[in-house]
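Trainee: Structure file run09.tsv (TSV, C-alpha atoms (C1' of nucleotides) and all ligand atoms) right here:
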```tsv
chain	number	residue	atom	x	y	z
O	1	MET	CA	-10.66	-8.99	-34.82
O	2	ILE	CA	-13.42	-6.50	-34.07
O	3	LEU	CA	-11.79	-3.25	-35.30
O	4	SER	CA	-9.14	-2.49	-37.87
O	5	ARG	CA	-5.90	-1.10	-36.56
O	6	THR	CA	-6.64	2.22	-38.23
O	7	THR	CA	-9.91	2.52	-36.35
O	8	GLU	CA	-8.14	1.75	-33.10
O	9	TYR	CA	-5.66	4.48	-33.90
O	10	ALA	CA	-8.49	6.92	-34.50
O	11	LEU	CA	-10.20	6.08	-31.22
O	12	SER	CA	-6.92	6.27	-29.43
O	13	VAL	CA	-6.10	9.71	-30.82
O	14	LEU	CA	-9.52	11.20	-30.18
O	15	ALA	CA	-9.71	9.71	-26.70
O	16	PHE	CA	-6.29	11.12	-25.92
O	17	MET	CA	-7.32	14.56	-27.11
O	18	ALA	CA	-10.50	14.32	-25.08
O	19	THR	CA	-8.83	13.35	-21.84
O	20	ARG	CA	-5.93	15.80	-21.82
O	21	ASN	CA	-7.12	19.31	-21.25
O	22	GLN	CA	-5.32	21.00	-24.04
O	23	LYS	CA	-6.81	22.98	-26.87
O	24	MET	CA	-4.57	22.15	-29.77
O	25	TYR	CA	-2.56	19.02	-30.49
O	26	ALA	CA	0.22	18.75	-33.06
O	27	ALA	CA	0.66	15.52	-34.96
O	28	GLU	CA	4.17	15.18	-33.64
O	29	LEU	CA	3.01	15.25	-30.03
O	30	LEU	CA	0.34	12.63	-30.69
O	31	HIS	CA	2.89	10.51	-32.49
O	32	GLN	CA	5.23	10.59	-29.52
O	33	GLU	CA	2.57	10.00	-26.90
O	34	LEU	CA	0.67	7.26	-28.68
O	35	LYS	CA	3.46	5.62	-30.70
O	36	ILE	CA	1.41	5.63	-33.86
O	37	PRO	CA	3.63	5.70	-36.96
O	38	ARG	CA	4.29	9.35	-37.77
O	39	GLN	CA	3.25	9.58	-41.40
O	40	TYR	CA	0.37	7.21	-41.06
O	41	LEU	CA	-0.96	9.26	-38.18
O	42	ARG	CA	-0.64	12.46	-40.21
O	43	ARG	CA	-2.80	10.97	-42.90
O	44	LEU	CA	-5.31	9.72	-40.36
O	45	LEU	CA	-5.56	13.16	-38.75
O	46	THR	CA	-6.23	14.77	-42.12
O	47	ASP	CA	-8.88	12.15	-42.67
O	48	LEU	CA	-10.48	12.78	-39.29
O	49	SER	CA	-10.62	16.48	-40.05
O	50	LYS	CA	-12.24	15.83	-43.43
O	51	LYS	CA	-14.78	13.72	-41.60
O	52	GLY	CA	-15.62	16.60	-39.31
O	53	PHE	CA	-14.31	15.40	-35.97
O	54	ILE	CA	-11.42	17.81	-35.75
O	55	ILE	CA	-10.25	21.00	-37.43
O	56	SER	CA	-6.72	21.46	-38.63
O	57	THR	CA	-4.72	24.65	-38.66
O	58	ARG	CA	-1.54	24.81	-40.66
O	59	GLY	CA	1.60	26.70	-40.05
O	60	ARG	CA	3.72	27.31	-37.02
O	61	SER	CA	1.78	26.58	-33.83
O	62	GLY	CA	-0.82	24.80	-35.90
O	63	GLY	CA	-2.37	21.46	-35.04
O	64	PHE	CA	-5.74	19.88	-34.43
O	65	VAL	CA	-8.71	20.94	-32.30
O	66	PHE	CA	-12.09	19.31	-31.85
O	67	ALA	CA	-14.54	20.53	-34.45
O	68	ARG	CA	-17.48	20.27	-32.07
O	69	ASP	CA	-18.12	19.70	-28.42
O	70	MET	CA	-16.70	16.41	-27.18
O	71	SER	CA	-20.01	15.46	-25.66
O	72	THR	CA	-21.57	15.34	-29.15
O	73	ILE	CA	-19.11	12.77	-30.47
O	74	ASN	CA	-19.83	9.19	-29.54
O	75	ILE	CA	-17.69	6.14	-30.10
O	76	ALA	CA	-20.07	4.53	-32.57
O	77	GLN	CA	-19.88	7.59	-34.80
O	78	ILE	CA	-16.12	7.35	-34.93
O	79	ILE	CA	-16.21	3.65	-35.75
O	80	ASP	CA	-18.84	4.19	-38.43
O	81	ALA	CA	-16.83	6.98	-40.03
O	82	LEU	CA	-13.78	4.74	-40.34
O	83	GLU	CA	-15.22	1.34	-41.06
O	84	GLY	CA	-18.27	2.32	-43.05
O	85	ALA	CA	-21.75	3.00	-41.76
O	86	ASP	CA	-22.94	-0.52	-41.14
O	87	ALA	CA	-19.77	-2.48	-40.72
O	88	MET	CA	-21.32	-3.59	-37.45
O	89	ASN	CA	-24.55	-4.76	-39.02
O	90	THR	CA	-23.12	-7.71	-40.87
O	91	CYS	CA	-24.25	-11.28	-40.62
O	92	LEU	CA	-21.98	-13.28	-38.36
O	93	LEU	CA	-22.00	-16.15	-40.80
O	94	GLY	CA	-20.90	-13.91	-43.64
O	95	PHE	CA	-24.07	-13.73	-45.66
O	96	THR	CA	-24.55	-10.59	-47.64
O	97	ALA	CA	-27.52	-9.23	-45.77
O	98	CYS	CA	-28.37	-9.42	-42.12
O	99	ILE	CA	-32.04	-8.63	-41.91
O	100	ALA	CA	-34.62	-9.93	-39.50
O	101	GLY	CA	-36.90	-11.12	-42.29
O	102	HIS	CA	-34.24	-13.43	-43.65
O	103	PRO	CA	-32.31	-14.67	-40.64
O	104	CYS	CA	-29.46	-17.14	-40.64
O	105	ALA	CA	-29.17	-19.70	-37.84
O	106	MET	CA	-27.17	-17.29	-35.70
O	107	HIS	CA	-29.27	-14.23	-36.32
O	108	ASP	CA	-31.40	-13.88	-33.23
O	109	LEU	CA	-28.68	-14.43	-30.68
O	110	TRP	CA	-26.18	-12.40	-32.59
O	111	ALA	CA	-28.49	-9.49	-33.30
O	112	GLU	CA	-29.24	-9.20	-29.63
O	113	SER	CA	-25.61	-9.17	-28.48
O	114	ARG	CA	-24.67	-6.85	-31.24
O	115	SER	CA	-27.35	-4.31	-30.50
O	116	LYS	CA	-26.17	-4.17	-26.91
O	117	VAL	CA	-22.65	-3.45	-28.02
O	118	ILE	CA	-23.85	-0.75	-30.39
O	119	GLU	CA	-25.96	0.76	-27.66
O	120	THR	CA	-22.96	0.98	-25.37
O	121	LEU	CA	-20.77	2.51	-28.04
O	122	THR	CA	-23.47	4.98	-29.00
O	123	LYS	CA	-24.18	6.22	-25.52
O	124	THR	CA	-20.52	6.75	-24.70
O	125	THR	CA	-19.18	10.12	-25.83
O	126	LEU	CA	-15.71	11.55	-25.78
O	127	GLY	CA	-17.02	13.85	-23.07
O	128	ASP	CA	-17.72	10.82	-20.90
O	129	LEU	CA	-14.17	9.56	-21.37
O	130	SER	CA	-12.87	12.99	-20.47
O	131	GLU	CA	-14.80	12.99	-17.20
O	132	LYS	CA	-13.61	9.53	-16.34
O	133	TYR	CA	-10.05	10.60	-16.82
O	134	ARG	CA	-10.43	13.63	-14.57
O	135	LYS	CA	-11.93	11.47	-11.86
O	136	ASP	CA	-8.78	9.34	-11.95
O	137	ILE	CA	-10.74	6.22	-12.75
O	138	VAL	CA	-8.35	5.47	-15.53
O	139	THR	CA	-4.85	4.34	-14.70
O	140	GLY	CA	-3.95	2.83	-18.07
O	141	CYS	CA	-1.81	3.86	-20.97
O	142	LEU	CA	-4.24	6.43	-22.17
S	1	MET	CA	-15.18	-5.31	-39.07
S	2	ILE	CA	-15.72	-7.84	-36.29
S	3	LEU	CA	-14.55	-11.01	-38.09
S	4	SER	CA	-12.21	-11.68	-40.99
S	5	ARG	CA	-13.75	-13.00	-44.13
S	6	THR	CA	-11.97	-16.29	-43.63
S	7	THR	CA	-13.56	-16.71	-40.21
S	8	GLU	CA	-16.96	-15.97	-41.68
S	9	TYR	CA	-16.33	-18.63	-44.28
S	10	ALA	CA	-15.45	-21.13	-41.57
S	11	LEU	CA	-18.57	-20.38	-39.57
S	12	SER	CA	-20.65	-20.54	-42.69
S	13	VAL	CA	-19.28	-23.93	-43.71
S	14	LEU	CA	-19.58	-25.52	-40.29
S	15	ALA	CA	-23.05	-24.11	-39.76
S	16	PHE	CA	-24.11	-25.45	-43.13
S	17	MET	CA	-22.76	-28.88	-42.31
S	18	ALA	CA	-24.51	-28.76	-38.95
S	19	THR	CA	-27.90	-27.83	-40.31
S	20	ARG	CA	-28.14	-30.20	-43.24
S	21	ASN	CA	-28.55	-33.75	-42.14
S	22	GLN	CA	-25.89	-35.35	-44.20
S	23	LYS	CA	-22.92	-37.28	-43.02
S	24	MET	CA	-20.23	-36.34	-45.48
S	25	TYR	CA	-19.75	-33.16	-47.46
S	26	ALA	CA	-17.44	-32.77	-50.45
S	27	ALA	CA	-15.63	-29.49	-50.98
S	28	GLU	CA	-17.27	-29.08	-54.35
S	29	LEU	CA	-20.76	-29.25	-52.87
S	30	LEU	CA	-19.91	-26.69	-50.19
S	31	HIS	CA	-18.39	-24.46	-52.83
S	32	GLN	CA	-21.54	-24.55	-54.89
S	33	GLU	CA	-23.93	-24.08	-52.01
S	34	LEU	CA	-22.04	-21.35	-50.22
S	35	LYS	CA	-20.32	-19.59	-53.12
S	36	ILE	CA	-16.98	-19.61	-51.34
S	37	PRO	CA	-14.08	-19.53	-53.85
S	38	ARG	CA	-13.27	-23.14	-54.67
S	39	GLN	CA	-9.57	-23.37	-53.94
S	40	TYR	CA	-9.70	-21.06	-50.99
S	41	LEU	CA	-12.41	-23.20	-49.48
S	42	ARG	CA	-10.37	-26.34	-50.03
S	43	ARG	CA	-7.52	-24.87	-48.09
S	44	LEU	CA	-9.86	-23.73	-45.34
S	45	LEU	CA	-11.38	-27.20	-45.05
S	46	THR	CA	-7.94	-28.77	-44.71
S	47	ASP	CA	-7.19	-26.19	-42.05
S	48	LEU	CA	-10.41	-26.92	-40.17
S	49	SER	CA	-9.56	-30.59	-40.20
S	50	LYS	CA	-6.07	-29.91	-38.87
S	51	LYS	CA	-7.70	-27.90	-36.13
S	52	GLY	CA	-9.85	-30.84	-35.16
S	53	PHE	CA	-13.32	-29.69	-36.14
S	54	ILE	CA	-13.75	-32.02	-39.07
S	55	ILE	CA	-12.14	-35.16	-40.45
S	56	SER	CA	-11.24	-35.52	-44.10
S	57	THR	CA	-11.31	-38.66	-46.18
S	58	ARG	CA	-9.59	-38.72	-49.52
S	59	GLY	CA	-10.44	-40.55	-52.64
S	60	ARG	CA	-13.63	-41.17	-54.49
S	61	SER	CA	-16.69	-40.54	-52.29
S	62	GLY	CA	-14.44	-38.78	-49.83
S	63	GLY	CA	-15.18	-35.50	-48.11
S	64	PHE	CA	-15.53	-34.02	-44.67
S	65	VAL	CA	-17.37	-35.17	-41.54
S	66	PHE	CA	-17.55	-33.64	-38.09
S	67	ALA	CA	-14.72	-34.86	-35.91
S	68	ARG	CA	-16.81	-34.73	-32.77
S	69	ASP	CA	-20.40	-34.26	-31.82
S	70	MET	CA	-21.80	-30.96	-33.03
S	71	SER	CA	-23.05	-30.12	-29.57
S	72	THR	CA	-19.47	-29.98	-28.32
S	73	ILE	CA	-18.40	-27.32	-30.81
S	74	ASN	CA	-19.34	-23.76	-29.93
S	75	ILE	CA	-19.03	-20.65	-32.02
S	76	ALA	CA	-16.39	-19.04	-29.82
S	77	GLN	CA	-14.12	-22.05	-30.28
S	78	ILE	CA	-14.33	-21.72	-34.02
S	79	ILE	CA	-13.58	-18.01	-33.92
S	80	ASP	CA	-10.68	-18.56	-31.54
S	81	ALA	CA	-9.20	-21.25	-33.76
S	82	LEU	CA	-9.20	-18.95	-36.75
S	83	GLU	CA	-8.42	-15.56	-35.31
S	84	GLY	CA	-6.17	-16.54	-32.44
S	85	ALA	CA	-7.14	-17.35	-28.89
S	86	ASP	CA	-7.76	-13.87	-27.55
S	87	ALA	CA	-8.49	-11.82	-30.61
S	88	MET	CA	-11.64	-10.83	-28.78
S	89	ASN	CA	-9.84	-9.69	-25.65
S	90	THR	CA	-8.20	-6.65	-27.12
S	91	CYS	CA	-8.43	-3.11	-25.85
S	92	LEU	CA	-10.92	-1.12	-27.89
S	93	LEU	CA	-8.55	1.82	-28.02
S	94	GLY	CA	-5.77	-0.33	-29.39
S	95	PHE	CA	-3.48	-0.54	-26.39
S	96	THR	CA	-1.40	-3.65	-26.17
S	97	ALA	CA	-2.98	-5.11	-23.09
S	98	CYS	CA	-6.54	-5.02	-21.93
S	99	ILE	CA	-6.42	-5.90	-18.27
S	100	ALA	CA	-8.65	-4.72	-15.47
S	101	GLY	CA	-5.70	-3.49	-13.42
S	102	HIS	CA	-4.60	-1.11	-16.14
S	103	PRO	CA	-7.78	0.10	-17.76
S	104	CYS	CA	-8.10	2.64	-20.53
S	105	ALA	CA	-10.96	5.11	-20.53
S	106	MET	CA	-13.23	2.71	-22.38
S	107	HIS	CA	-12.33	-0.40	-20.43
S	108	ASP	CA	-15.23	-0.88	-18.04
S	109	LEU	CA	-18.02	-0.34	-20.52
S	110	TRP	CA	-16.28	-2.25	-23.23
S	111	ALA	CA	-15.28	-5.20	-21.08
S	112	GLU	CA	-18.89	-5.62	-20.01
S	113	SER	CA	-20.34	-5.59	-23.53
S	114	ARG	CA	-17.59	-7.81	-24.78
S	115	SER	CA	-18.03	-10.44	-22.12
S	116	LYS	CA	-21.71	-10.64	-22.98
S	117	VAL	CA	-20.88	-11.25	-26.61
S	118	ILE	CA	-18.34	-13.90	-25.70
S	119	GLU	CA	-20.85	-15.55	-23.41
S	120	THR	CA	-23.38	-15.74	-26.22
S	121	LEU	CA	-20.87	-17.14	-28.67
S	122	THR	CA	-19.63	-19.65	-26.12
S	123	LYS	CA	-23.00	-20.99	-25.13
S	124	THR	CA	-24.15	-21.45	-28.73
S	125	THR	CA	-23.07	-24.74	-30.26
S	126	LEU	CA	-23.39	-26.11	-33.75
S	127	GLY	CA	-25.92	-28.50	-32.26
S	128	ASP	CA	-28.08	-25.53	-31.30
S	129	LEU	CA	-27.96	-24.19	-34.84
S	130	SER	CA	-28.90	-27.59	-36.13
S	131	GLU	CA	-31.98	-27.73	-33.93
S	132	LYS	CA	-33.02	-24.25	-34.95
S	133	TYR	CA	-32.84	-25.22	-38.57
S	134	ARG	CA	-34.95	-28.30	-38.04
S	135	LYS	CA	-37.58	-26.24	-36.28
S	136	ASP	CA	-37.80	-24.05	-39.37
S	137	ILE	CA	-36.89	-20.98	-37.42
S	138	VAL	CA	-34.35	-20.10	-40.03
S	139	THR	CA	-35.53	-18.88	-43.39
S	140	GLY	CA	-32.29	-17.26	-44.53
S	141	CYS	CA	-29.54	-18.17	-46.92
S	142	LEU	CA	-28.11	-20.79	-44.65
B	1	DA	C1'	12.42	38.87	-45.85
B	2	DT	C1'	13.76	34.71	-43.79
B	3	DA	C1'	13.55	30.72	-41.11
B	4	DA	C1'	11.01	27.45	-38.43
B	5	DA	C1'	7.10	24.69	-37.46
B	6	DT	C1'	3.39	22.93	-38.88
B	7	DT	C1'	-0.40	20.42	-42.12
B	8	DG	C1'	-1.52	18.59	-47.14
B	9	DC	C1'	-0.50	15.75	-50.76
B	10	DT	C1'	1.38	12.26	-53.70
B	11	DA	C1'	3.90	8.42	-54.78
B	12	DC	C1'	5.84	4.45	-53.34
B	13	DC	C1'	6.95	0.28	-50.39
B	14	DT	C1'	5.82	-3.80	-47.25
B	15	DT	C1'	2.92	-7.01	-45.12
B	16	DT	C1'	-1.25	-9.45	-44.68
B	17	DT	C1'	-5.30	-11.30	-46.57
B	18	DT	C1'	-7.76	-13.29	-50.13
B	19	DG	C1'	-7.95	-15.82	-54.39
B	20	DT	C1'	-6.09	-18.99	-58.39
B	21	DA	C1'	-3.71	-22.81	-60.85
B	22	DG	C1'	-1.71	-26.95	-61.33
B	23	DT	C1'	0.05	-31.26	-59.74
B	24	DA	C1'	0.45	-35.19	-56.53
B	25	DA	C1'	-1.70	-38.58	-53.55
B	26	DT	C1'	-5.55	-41.46	-52.32
B	27	DT	C1'	-9.62	-44.18	-52.74
B	28	DA	C1'	-13.54	-46.48	-54.96
B	29	DA	C1'	-15.95	-48.16	-58.94
B	30	DT	C1'	-15.64	-50.49	-63.16
J	1	DA	C1'	-5.45	-52.16	-64.30
J	2	DT	C1'	-7.81	-48.12	-65.46
J	3	DT	C1'	-10.59	-44.36	-64.65
J	4	DA	C1'	-13.05	-41.08	-61.98
J	5	DA	C1'	-13.64	-38.49	-57.89
J	6	DT	C1'	-11.87	-36.79	-54.31
J	7	DT	C1'	-8.37	-34.33	-50.76
J	8	DA	C1'	-3.28	-32.41	-50.03
J	9	DC	C1'	0.21	-29.51	-51.25
J	10	DT	C1'	2.88	-25.85	-53.32
J	11	DA	C1'	3.67	-21.81	-55.62
J	12	DC	C1'	2.01	-17.84	-57.36
J	13	DA	C1'	-1.11	-13.57	-58.15
J	14	DA	C1'	-4.18	-9.86	-56.77
J	15	DA	C1'	-6.11	-6.86	-53.53
J	16	DA	C1'	-6.27	-4.54	-49.21
J	17	DA	C1'	-4.17	-2.67	-45.18
J	18	DG	C1'	-0.52	-0.59	-43.05
J	19	DG	C1'	3.63	2.15	-43.28
J	20	DT	C1'	7.43	5.49	-45.29
J	21	DA	C1'	9.60	9.49	-47.72
J	22	DG	C1'	9.80	13.77	-49.55
J	23	DC	C1'	8.20	18.01	-51.11
J	24	DA	C1'	4.59	21.74	-51.37
J	25	DA	C1'	1.73	25.02	-48.89
J	26	DT	C1'	0.75	27.76	-44.91
J	27	DT	C1'	1.43	30.35	-40.84
J	28	DT	C1'	4.06	32.47	-37.09
J	29	DA	C1'	8.19	34.29	-34.98
J	30	DT	C1'	12.24	36.75	-35.60
O	201	LIG	S1	-28.61	-13.01	-41.01
O	201	LIG	FE1	-26.84	-13.88	-40.09
O	201	LIG	S2	-26.65	-12.69	-38.27
O	201	LIG	FE2	-28.41	-11.80	-39.22
O	202	LIG	S1	-7.68	-1.46	-21.54
O	202	LIG	FE1	-8.77	-0.57	-23.22
O	202	LIG	S2	-10.58	-1.80	-23.26
O	202	LIG	FE2	-9.46	-2.72	-21.62
```
Rewrite the structure of this file - the entire thing - as structure tokens.
Mentor:
Amino acid sequence: MILSRTTEYALSVLAFMATRNQKMYAAELLHQELKIPRQYLRRLLTDLSKKGFIISTRGRSGGFVFARDMSTINIAQIIDALEGADAMNTCLLGFTACIAGHPCAMHDLWAESRSKVIETLTKTTLGDLSEKYRKDIVTGCL
Amino acid sequence: MILSRTTEYALSVLAFMATRNQKMYAAELLHQELKIPRQYLRRLLTDLSKKGFIISTRGRSGGFVFARDMSTINIAQIIDALEGADAMNTCLLGFTACIAGHPCAMHDLWAESRSKVIETLTKTTLGDLSEKYRKDIVTGCL
DNA sequence: ATAAATTGCTACCTTTTTGTAGTAATTAAT
DNA sequence: ATTAATTACTACAAAAAGGTAGCAATTTAT
């Protein structure tokens, strides 16, 4: 399962904004480009602005802009903001705590894989995605 | 989020059965040991037996036994059976397909991390967990 | 001023996931 | 045979996630 649909939406939106070289994005545009349900997306965008990733401006010609430089926003931060700080630090076998001092039978192997994933997500910023897009490395839907 | 609660329950149950050296396990025992809601667990156990991981026997002194040798059941198989075959092969940005020929901006990095996780989960069997437990490497709840 | 284009908010609806209750079927012990 | 211990099944309830609708507030263009 990995991520909730809402989190995927958030990543999708922010990655889209990062790769297109446009200052402001209206919800309606994002809705049309990314096919995320209109009203649900509106709520998500408000949420993302409350969480400090983007800034909203109301009124005609309003929309959403990044709140800080894209290179300071990494993927792990976005996931954490939407799924809760340590949604990734859970025990694979579903025990309440996943701590090295009290490991389940999967702990060592799992903790290692997991930390690699987190490392990758942490070192990748929206700025990196932007660069990739400009270098035409990406041919997909985004 | 990573796994649904139900999948965690399944892993927890099967890992428990693998580590204790007992032939048959009644639902009631598993419920008490693992604190999984009684009726929900019952349904899950029936499901796991339909999926070929365990075999159920009804009646007095009935319960659940492994359907095949523990060393032939790996963690990835269990996850796949509960979450759907390629729940792990999704695009991190939520696009419908995640295929190398049509990559999104996250694809390369993500695909690499992901395949390492899958490799770990695939090469770890319930037999491995059992051994670990017997070597007292595990001190946790399991 | 007025209208148009936008976000903010609230209330509701639908679907999926998780959890509960009760009854039927099966087996073993007595 | 009867009872006790177990799984199987069905239907429902509660909670969480995802989605919809409509109106209020704000800003810009005219
Ligand atoms: S305790 Fe289970 S993965 Fe860490
Ligand atoms: S296409 Fe997005 S991760 Fe593969």
Trainee: Could you name the residues that touch DG22 in chain B at 12 Å or less, counting all atoms listed in the file, but leaving out those on the same chain fewer than 3 positions away, as a PyMOL selection string?
Mentor: (chain S and resi 39) or (chain J and resi 9-12)
Trainee: Show me, as number ranges by chain, the residues that have an atom within 10 Å of DG8 in chain B when counting all atoms listed in the file, minus same-chain residues fewer than 5 positions from it.
Mentor: O: 42-43, 46, 58; J: 24-26
Trainee: Which chain B residues are at most 7 Å from chain O (counting all atoms listed in the file), as a PyMOL selection string?
Mentor: chain B and resi 5-7
Trainee: Mind listing whatever residues come within 12 Å of the point (7.3, -5.5, -45.4)? Use all atoms listed in the file, file coordinates, and give them as a compact mmCIF listing (two decimals) with C-alpha atoms (C1' of nucleotides), keeping the file's coordinate frame.
Mentor:
```txt
# COMPACT_ATOMS: atom_id res chain seq x y z
C1' DC B 13 6.95 0.28 -50.39
C1' DT B 14 5.82 -3.80 -47.25
C1' DT B 15 2.92 -7.01 -45.12
C1' DT B 16 -1.25 -9.45 -44.68
C1' DA J 17 -4.17 -2.67 -45.18
C1' DG J 18 -0.52 -0.59 -43.05
C1' DG J 19 3.63 2.15 -43.28
C1' DT J 20 7.43 5.49 -45.29
```
Trainee: Identify, counting all atoms listed in the file, the protein, DNA and RNA residues located within 7 Å of ligand LIG 202 (chain O), and give them as a PDB file with C-alpha atoms, keeping the file's coordinate frame.
Mentor:
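For reference, part.pdb as written:
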```pdb
ATOM      1  CA  GLY O 140      -3.950   2.830 -18.070  1.00  0.00           C
TER       2      GLY O 140
ATOM      3  CA  THR S  90      -8.200  -6.650 -27.120  1.00  0.00           C
ATOM      4  CA  CYS S  91      -8.430  -3.110 -25.850  1.00  0.00           C
ATOM      5  CA  LEU S  92     -10.920  -1.120 -27.890  1.00  0.00           C
ATOM      6  CA  LEU S  93      -8.550   1.820 -28.020  1.00  0.00           C
ATOM      7  CA  GLY S  94      -5.770  -0.330 -29.390  1.00  0.00           C
ATOM      8  CA  PHE S  95      -3.480  -0.540 -26.390  1.00  0.00           C
ATOM      9  CA  ALA S  97      -2.980  -5.110 -23.090  1.00  0.00           C
ATOM     10  CA  CYS S  98      -6.540  -5.020 -21.930  1.00  0.00           C
ATOM     11  CA  ILE S  99      -6.420  -5.900 -18.270  1.00  0.00           C
ATOM     12  CA  ALA S 100      -8.650  -4.720 -15.470  1.00  0.00           C
ATOM     13  CA  HIS S 102      -4.600  -1.110 -16.140  1.00  0.00           C
ATOM     14  CA  PRO S 103      -7.780   0.100 -17.760  1.00  0.00           C
ATOM     15  CA  CYS S 104      -8.100   2.640 -20.530  1.00  0.00           C
ATOM     16  CA  ALA S 105     -10.960   5.110 -20.530  1.00  0.00           C
ATOM     17  CA  MET S 106     -13.230   2.710 -22.380  1.00  0.00           C
ATOM     18  CA  HIS S 107     -12.330  -0.400 -20.430  1.00  0.00           C
ATOM     19  CA  TRP S 110     -16.280  -2.250 -23.230  1.00  0.00           C
ATOM     20  CA  ALA S 111     -15.280  -5.200 -21.080  1.00  0.00           C
TER      21      ALA S 111
END
```
Trainee: Between S:Lys135, S:Val117, S:Asn21, S:Val65, which has the minimum distance to chain O (counting only C-alpha atoms)?
Mentor: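 Answer, going by the shortest atom-to-atom distance: S:Val117.
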Trainee: Excluding same-chain residues fewer than 4 positions from DC23 in chain J, what lies within 12 Å of it counting all atoms listed in the file, as a list in words?
Mentor: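 The residues that qualify are DG8, DC9, DT10 and DA11 of chain B.
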Trainee: Please produce a file of the residues just selected, as a PDB file, keeping the file's coordinate frame, where the atoms kept are C-alpha atoms (C1' of nucleotides).
Mentor:
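Printed below is selection07.pdb as written:
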```
ATOM      1  C1'  DG B   8      -1.520  18.590 -47.140  1.00  0.00           C
ATOM      2  C1'  DC B   9      -0.500  15.750 -50.760  1.00  0.00           C
ATOM      3  C1'  DT B  10       1.380  12.260 -53.700  1.00  0.00           C
ATOM      4  C1'  DA B  11       3.900   8.420 -54.780  1.00  0.00           C
TER       5       DA B  11
END
```
Trainee: Just want the 7 Å neighbourhood of Thr125 in chain O, counted on all atoms listed in the file, with same-chain residues fewer than 3 positions away dropped. Output as a ChimeraX atom specification.
Mentor: /O:70-75,128-129
